[in-house]
Structures are given as structure tokens and as C-alpha cells.
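Asks: Next comes the structure file query-v6.txt, holding compact mmCIF, C-alpha atoms and all ligand atoms.
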# COMPACT_ATOMS: atom_id res chain seq x y z
CA MET E 1 -29.83 17.70 -4.49
CA SER E 2 -26.49 17.48 -2.81
CA GLU E 3 -23.42 18.22 -4.88
CA ASP E 4 -21.21 16.30 -2.52
CA PRO E 5 -19.70 13.12 -3.80
CA GLN E 6 -21.27 10.09 -2.25
CA PRO E 7 -19.33 9.32 0.92
CA GLU E 8 -17.49 6.07 1.09
CA SER E 9 -19.28 3.47 3.09
CA SER E 10 -18.57 4.30 6.71
CA ALA E 11 -17.56 0.72 7.48
CA LEU E 12 -14.65 1.09 5.09
CA SER E 13 -13.55 4.58 6.02
CA GLY E 14 -10.92 5.15 8.65
CA LEU E 15 -9.15 1.87 7.96
CA LYS E 16 -5.37 1.69 8.23
CA ILE E 17 -4.67 0.49 4.74
CA ALA E 18 -1.36 0.49 2.85
CA SER E 19 -1.02 2.89 -0.06
CA HIS E 20 -3.26 2.08 -2.99
CA ALA E 21 -0.81 3.81 -5.37
CA PRO E 22 0.48 0.51 -6.82
CA LEU E 23 -3.13 -0.49 -7.58
CA ASP E 24 -3.74 2.86 -9.28
CA ASP E 25 -0.66 2.26 -11.42
CA ALA E 26 -1.67 -1.31 -12.22
CA GLN E 27 -5.11 -0.15 -13.16
CA ARG E 28 -3.68 2.44 -15.55
CA ALA E 29 -1.49 -0.26 -17.11
CA GLY E 30 -4.61 -2.33 -17.71
CA ARG E 31 -5.25 -6.04 -17.68
CA MET E 32 -2.26 -8.32 -18.00
CA LYS E 33 -1.70 -11.98 -18.53
CA CYS E 34 -1.32 -14.16 -15.48
CA THR E 35 2.15 -15.71 -15.72
CA ARG E 36 0.77 -19.05 -14.54
CA CYS E 37 -2.40 -19.61 -16.57
CA GLY E 38 -2.16 -16.91 -19.24
CA CYS E 39 -5.61 -15.50 -18.50
CA SER E 40 -6.12 -11.77 -18.70
CA ARG E 41 -6.45 -10.34 -15.19
CA MET E 42 -6.33 -7.12 -13.22
CA PHE E 43 -4.32 -7.02 -9.93
CA PHE E 44 -4.45 -10.76 -9.27
CA CYS E 45 -5.50 -14.04 -10.78
CA TYR E 46 -8.40 -15.48 -8.81
CA SER E 47 -7.84 -18.88 -10.40
CA CYS E 48 -4.14 -19.18 -9.52
CA GLY E 49 -4.00 -16.99 -6.44
CA ALA E 50 -1.13 -15.00 -7.95
CA LEU E 51 -0.48 -11.29 -8.27
CA VAL E 52 -0.77 -9.91 -11.81
CA GLY E 53 0.92 -6.63 -12.73
CA LEU E 54 1.98 -6.16 -9.12
CA GLN E 55 5.14 -7.04 -7.21
CA PRO E 56 4.95 -8.72 -3.79
CA GLY E 57 6.23 -5.48 -2.24
CA ASP E 58 3.25 -3.57 -3.67
CA VAL E 59 0.89 -5.49 -1.46
CA PRO E 60 0.81 -5.52 2.36
CA ARG E 61 1.40 -8.71 4.34
CA VAL E 62 -0.88 -9.38 7.26
CA THR E 63 0.04 -11.73 10.09
CA LEU E 64 -2.94 -13.45 11.64
CA PRO E 65 -3.26 -14.79 15.20
CA VAL E 66 -4.94 -18.00 13.99
CA LYS E 67 -4.76 -20.27 10.96
CA ILE E 68 -7.62 -19.85 8.54
CA ASP E 69 -9.06 -22.50 6.24
CA ILE E 70 -11.51 -21.43 3.60
CA ILE E 71 -13.70 -24.10 2.01
CA LYS E 72 -14.84 -22.95 -1.39
CA HIS E 73 -17.89 -24.30 -3.13
CA PRO E 74 -16.82 -25.80 -6.49
CA ASN E 75 -19.59 -23.95 -8.32
CA GLU E 76 -18.64 -20.63 -6.85
CA THR E 77 -17.48 -18.40 -9.68
CA ASP E 78 -13.88 -17.67 -8.84
CA GLY E 79 -14.15 -14.08 -10.04
CA LYS E 80 -16.90 -13.36 -7.54
CA SER E 81 -15.11 -14.94 -4.62
CA THR E 82 -13.11 -12.75 -2.27
CA ALA E 83 -11.36 -15.74 -0.64
CA VAL E 84 -8.25 -15.37 -2.79
CA GLN E 85 -7.71 -11.88 -1.39
CA ALA E 86 -7.15 -13.39 2.05
CA LYS E 87 -4.64 -15.84 0.59
CA LEU E 88 -2.75 -13.05 -1.19
CA LEU E 89 -2.59 -10.80 1.87
CA ALA E 90 -1.90 -13.43 4.55
CA PRO E 91 -0.32 -16.29 2.58
CA GLN E 92 1.34 -17.93 5.58
CA ASP E 93 -1.90 -18.23 7.55
CA VAL E 94 -4.62 -18.82 4.95
CA THR E 95 -5.36 -21.99 2.97
CA ILE E 96 -8.12 -22.38 0.40
CA HIS E 97 -9.73 -25.77 -0.19
CA THR E 98 -12.24 -26.61 -2.91
CA TYR E 99 -15.12 -28.73 -1.65
CA PRO E 100 -15.37 -31.75 -1.33
CA CYS E 101 -11.76 -31.35 -0.20
CA ILE E 102 -11.71 -30.11 3.34
CA PRO E 103 -8.74 -29.50 5.64
CA GLU E 104 -7.45 -31.98 8.19
CA LEU E 105 -9.29 -30.92 11.32
CA ASP E 106 -7.78 -32.57 14.37
CA GLN E 107 -9.61 -31.25 17.38
CA SER E 108 -7.40 -33.17 19.77
CA THR E 109 -4.45 -30.94 18.96
CA GLU E 110 -6.12 -27.64 18.15
CA ASN E 111 -9.18 -25.67 19.12
CA ILE E 112 -11.05 -25.21 15.87
CA VAL E 113 -14.27 -23.35 15.11
CA LEU E 114 -16.47 -22.93 12.06
CA VAL E 115 -17.83 -19.47 11.37
CA PHE E 116 -21.45 -20.00 10.55
CA PRO E 117 -24.62 -18.49 12.01
CA GLY E 118 -27.28 -20.62 13.60
CA PRO E 119 -29.24 -21.33 16.76
CA ASP E 120 -26.33 -23.18 18.37
CA ALA E 121 -23.65 -20.75 17.31
CA MET E 122 -21.77 -18.95 20.05
CA SER E 123 -20.27 -15.49 19.95
CA VAL E 124 -16.55 -14.78 19.82
CA GLU E 125 -16.80 -13.67 23.41
CA GLU E 126 -18.13 -17.09 24.48
CA LEU E 127 -15.17 -18.98 22.98
CA TRP E 128 -13.09 -18.68 26.10
CA GLU E 129 -15.66 -20.28 28.33
CA TYR E 130 -16.32 -23.01 25.80
CA PHE E 131 -12.70 -24.01 25.34
CA CYS E 132 -11.24 -23.05 28.68
CA ALA E 133 -13.91 -24.04 31.18
CA ASP E 134 -11.31 -25.02 33.78
CA GLY E 135 -9.49 -21.75 33.37
CA ARG E 136 -6.79 -23.26 31.24
CA PRO E 137 -6.82 -23.60 27.51
CA ARG E 138 -7.76 -27.17 26.61
CA VAL E 139 -4.88 -27.21 24.23
CA LYS E 140 -1.24 -26.83 25.11
CA ARG E 141 -0.15 -23.71 23.38
CA VAL E 142 3.05 -23.48 21.48
CA LYS E 143 5.49 -21.09 23.01
CA GLY E 144 5.23 -17.76 21.34
CA GLU E 145 4.18 -14.23 21.86
CA ALA E 146 2.28 -13.57 25.04
CA GLU E 147 -0.70 -12.73 22.88
CA SER E 148 -1.10 -16.20 21.50
CA LEU E 149 -1.30 -17.65 25.01
CA ARG E 150 -4.56 -15.90 25.63
CA CYS E 151 -6.22 -16.87 22.38
CA PRO E 152 -8.78 -19.64 22.93
CA ILE E 153 -8.63 -20.97 19.36
CA GLN E 154 -5.93 -21.87 16.89
CA ARG E 155 -7.83 -22.55 13.68
CA VAL E 156 -10.91 -21.07 12.07
CA VAL E 157 -12.88 -22.44 9.14
CA PHE E 158 -14.89 -20.25 6.77
CA ILE E 159 -17.17 -21.31 3.94
CA ASP E 160 -16.89 -19.36 0.71
CA SER E 161 -20.07 -19.92 -1.17
CA THR E 162 -23.24 -18.27 -2.28
CA TRP E 163 -26.07 -18.08 0.17
CA ASN E 164 -27.91 -20.89 -1.64
CA GLN E 165 -25.00 -23.30 -2.05
CA THR E 166 -23.78 -23.21 1.51
CA SER E 167 -26.11 -25.90 2.85
CA ARG E 168 -24.37 -28.70 0.97
CA ILE E 169 -21.07 -27.89 2.67
CA ILE E 170 -22.46 -27.09 6.08
CA THR E 171 -24.24 -30.44 6.32
CA ASP E 172 -21.05 -32.39 5.51
CA GLU E 173 -20.51 -34.76 8.39
CA ARG E 174 -16.82 -33.91 8.61
CA LEU E 175 -17.81 -30.43 9.75
CA GLN E 176 -20.50 -31.50 12.21
CA ALA E 177 -18.15 -31.84 15.14
CA LEU E 178 -16.95 -28.26 14.91
CA PRO E 179 -18.50 -25.72 17.23
CA ASN E 180 -20.05 -22.84 15.32
CA VAL E 181 -19.34 -19.20 15.93
CA GLU E 182 -21.32 -16.35 14.54
CA LEU E 183 -20.35 -12.79 13.94
CA LYS E 184 -22.20 -9.95 15.46
CA SER E 185 -24.54 -8.53 12.91
CA ARG E 186 -22.58 -6.54 10.34
CA LYS E 187 -23.80 -5.10 7.12
CA THR E 188 -21.97 -6.00 3.97
CA CYS E 189 -20.24 -3.46 1.73
CA PHE E 190 -20.00 -6.06 -1.00
CA TRP E 191 -21.10 -4.67 -4.33
CA ARG E 192 -22.03 -8.06 -5.67
CA ARG E 193 -24.68 -8.72 -3.10
CA GLN E 194 -26.52 -11.83 -4.03
CA LYS E 195 -30.17 -11.70 -4.87
CA GLY E 196 -32.25 -12.83 -1.94
CA SER E 197 -29.41 -12.82 0.55
CA PRO E 198 -29.71 -10.62 3.63
CA ASP E 199 -27.45 -7.59 3.78
CA THR E 200 -25.78 -9.20 6.77
CA TYR E 201 -24.44 -11.95 4.51
CA LEU E 202 -20.82 -10.87 4.27
CA ALA E 203 -18.26 -11.40 1.55
CA THR E 204 -15.71 -13.94 2.80
CA ILE E 205 -12.95 -11.37 3.17
CA GLU E 206 -15.27 -9.15 5.22
CA ALA E 207 -16.25 -12.08 7.45
CA ILE E 208 -12.60 -12.95 8.09
CA TYR E 209 -11.76 -9.35 8.87
CA TYR E 210 -14.64 -8.84 11.28
CA PHE E 211 -14.02 -12.16 12.98
CA LEU E 212 -10.36 -11.33 13.63
CA LYS E 213 -11.23 -7.87 14.81
CA ASP E 214 -13.73 -9.31 17.31
CA LEU E 215 -11.19 -11.90 18.43
CA HIS E 216 -8.56 -9.23 18.91
CA CYS E 217 -10.89 -6.97 20.90
CA HIS E 218 -11.94 -9.77 23.23
CA TYR E 219 -8.65 -11.56 23.81
CA PHE E 220 -5.72 -9.32 23.01
CA CYS E 221 -5.87 -5.61 23.48
CA GLU E 222 -7.37 -2.55 21.96
CA TYR E 223 -7.79 -2.94 18.23
CA THR E 224 -5.54 -0.53 16.37
CA GLY E 225 -5.96 -1.65 12.78
CA GLU E 226 -3.87 -4.83 12.90
CA TYR E 227 -5.94 -6.62 10.23
CA ASP E 228 -7.24 -3.65 8.26
CA ASN E 229 -4.96 -4.51 5.37
CA LEU E 230 -7.01 -7.65 4.75
CA LEU E 231 -9.35 -5.18 3.07
CA PHE E 232 -6.54 -3.78 0.87
CA PHE E 233 -8.08 -5.00 -2.40
CA PHE E 234 -11.65 -4.98 -1.17
CA SER E 235 -11.64 -1.31 -0.18
CA PHE E 236 -9.93 -0.32 -3.45
CA LEU E 237 -12.41 -2.24 -5.59
CA HIS E 238 -15.27 -0.85 -3.53
CA LYS E 239 -13.99 2.65 -4.23
CA LEU E 240 -13.75 1.92 -7.96
CA ILE E 241 -17.29 0.56 -8.12
CA ASN E 242 -18.63 3.58 -6.27
CA LYS E 243 -16.84 5.92 -8.64
CA ALA E 244 -18.23 4.06 -11.62
CA LYS E 245 -21.74 4.19 -10.16
CA GLN E 246 -21.43 7.93 -9.59
CA ALA E 247 -20.14 8.48 -13.12
CA ALA E 248 -23.03 6.45 -14.49
CA GLY E 249 -25.46 8.44 -12.37
CA LYS E 250 -24.16 11.76 -13.72
CA ALA E 251 -24.13 10.66 -17.34
ZN ZN O 301 -3.82 -17.49 -13.39
Using the file provided, produce a representation of the structure as C-alpha cells.
Ligand SMILES: [Zn+2]
Replies:
Amino acid sequence: MSEDPQPESSALSGLKIASHAPLDDAQRAGRMKCTRCGCSRMFFCYSCGALVGLQPGDVPRVTLPVKIDIIKHPNETDGKSTAVQAKLLAPQDVTIHTYPCIPELDQSTENIVLVFPGPDAMSVEELWEYFCADGRPRVKRVKGEAESLRCPIQRVVFIDSTWNQTSRIITDERLQALPNVELKSRKTCFWRRQKGSPDTYLATIEAIYYFLKDLHCHYFCEYTGEYDNLLFFFSFLHKLINKAKQAAGKA
């Protein structure tokens, strides 16, 4: 048997992630009370979307090229949801809604897509043709960085829910008008994989990360880790779980 420690999942290695030292410190300090709700939490409060035992400067800020709306199933256990991580790391671009609340989706002013697999779903690569058939974006773009001018979409909707609960949200008529996009097949690194779900069923934070990476590769330039920090908490927690598993295996 190999003596080597189990290698980190290759999908999570080589990421450009800010120092995890503040998370190591916070972990040593132990659980603390969330200043908003008083619940005992580690790193952040998934109910309030607030940092716990960490300062804003301890956590990287990621700027996204599109606005992201996450629709959370009301029965989804907050502690198992990774949606709040996106909100904490990209607060200016991410909004979380609890179903049946859904965001205002005005397709006359923005190009909006829903990330969901299915027979009619297009790939990220096909977005340009779909929205810009005449060679011009259907939507007048706000003046900004040159990058944003080439991006065919402005808003992306994700559903944060277990595999089984998703159908109630996806069949909501308010979402029917949105074109669907699916991610290229990726395997999840999520340690709380749901029973019966395929290993391509990603945690929400993984799905957001891979979507943005695809978008960047197709419409901007070479990807050089711009959104890697979205996995700041995810990669740390993944590392912890792996360590715990190894320790349990050796005991
Ligand atoms: Zn709280």
C-alpha cells in the first residue's frame, strides 16, 4: 500500500487561491457566535450570509463579468448549501433568492440565461450565436471595459437545490422563458454528494465557477485564474474533509 498522502482532487489543485492562513487561524479559534443571529458557526453564517471569526480583509473579493442570481429551494438545508459562499466572495455581483421569490428577470433589457441541463440547453459557446445572430449583441451594452462588450449575456440564474427538489423550481412558469445553458460535463468534488445524484451534479459554487471559467475562455481571453477565489472556502473545506477521512482511515 502506498504511504503517500492521498492527493488532493486534481480539479482543485493548481488553483490561484488567496492564502488560507486566516481560515487556519479561525479554525484553531473554534466556532463563534454569529453577530447577527447568535448561532454558533465556523468561518461564516450560512443563515445570515455573514463572516464569523473572520474580517472582510481575510477573504478575497472576486469581481464577476455577469450578475448572478441564485434561487434557493426553501427546504434546502442552509448548512449544506454552497450558495452563500458565492455571496460572501462576490457580494456585489451575487444575489440569493429563496423560492418562491425569484429575481426580476427583464429580458428586454438584459440577456439572461438559466444554467440547467436538458435536451434544449445550449453550451456556453453557443450563447453568442443565440443572442447575437445579426453580429451585434441584442442588448445595448453599458459602457465599460472592453471585455464586457464581447460578453453575450449580462445575467445568469442558478438553482440551488437538491437533485430531487429542483423540478418544482425549474417548472415555474416565470423561468420558462429563459434559455437554458448547460455546463460541459464536470465531476463534482463535493463531499456531500447526494444519494442517487450523478457525480456530474455539481455543488452550486462549483457550477458558478465552471460556468464563469467557460464564459471567460470563450469570450474574453486565456483563463488565468480570475475566478479561482470563488473556491476559497470550498477548497479549504474539501482539504479539511480529506484530512479527516485520512485520519479516520489510519485510526
Ligand atoms: Zn447568523
Asks: For E:Phe236, which residue out of E:Gln85, E:Thr98, E:Ser47, E:Ser167 is the nearest one, using all atoms listed in the file?
Replies: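 Selected residue with least distance to E:Phe236: E:Gln85.
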Asks: Calculated over all atoms listed in the file, which of the candidates E:Pro91, E:Gly30, E:Pro60, E:Pro117 has the smallest distance to E:Leu202?
Replies: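 For E:Leu202, the nearest of the given residues is E:Pro117.
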Asks: Quick one: residues within 7 Å of ligand ZN 301 (chain O), with all atoms listed in the file, as a list in words?
Replies: Cys34, Thr35, Arg36, Cys37, Gly38, Cys39, Cys45, Tyr46, Ser47, Cys48, Gly49 and Ala50 of chain E
Asks: Find the distance between atom CA of E:Thr166 and atom CA of E:Phe234 and write it in Å to one decimal.
Replies: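 Pair atom CA of E:Thr166 / atom CA of E:Phe234 returns 22.1 Å.
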Asks: When you draw a straight line from atom CA of E:Asp58 to atom CA of E:Ala18, how long is it in Å?
Replies: 9.0 Å
Asks: Counting all atoms listed in the file, which residue out of E:Ser40, E:Gln176, E:Gln154, E:Thr171 sits closest to E:Ser108?
Replies: E:Gln154
Asks: Excluding E:Asn229 and any residue of its chain fewer than 4 positions from it, enumerate the residues within 9 Å of it, using all atoms listed in the file, and give them as an MDAnalysis selection string.
Replies: chainID E and resid 15:18 60:62 89 225 233
Asks: Rank E:Arg155, E:Arg174, E:Arg28, E:His238 by their smallest atom-to-atom distance to E:Asp93, using all atoms listed in the file, and report the top residue only.
Replies: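 That would be E:Arg155, the residue with the smallest distance to E:Asp93.
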Asks: Determine, counting all atoms listed in the file, which protein, DNA and RNA residues have an atom within 10 Å of an atom of E:Val181; residues of the same chain fewer than 5 positions away are not included. Present the result as number ranges by chain.
Replies: E: 113-118, 120-127, 156-157, 211
Asks: If you measure from atom CA of E:Leu212 to atom CA of E:Ile96, what distance in Å do you get, rounded to one decimal?
Replies: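 Calculated distance between atom CA of E:Leu212 and atom CA of E:Ile96 is 17.4 Å.
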Asks: Nearest residue to E:Trp128 out of E:Ile153, E:Met32, E:Ile102, E:Ala11, using only C-alpha atoms?
Replies: E:Ile153
Asks: Go through E:Lys250, E:Arg31, E:His97, E:Lys245 one by one, measure the shortest atom-to-atom distance of each to E:Pro74 using only C-alpha atoms, and give the residue with the smallest value.
Replies: E:His97
Asks: Could you give me, as a ChimeraX atom specification, the residues that sit within 9 Å of (-14.2, 3.1, -2.7) in the file's coordinates, counting all atoms listed in the file?
Replies: /E:7-9,12-13,234-243
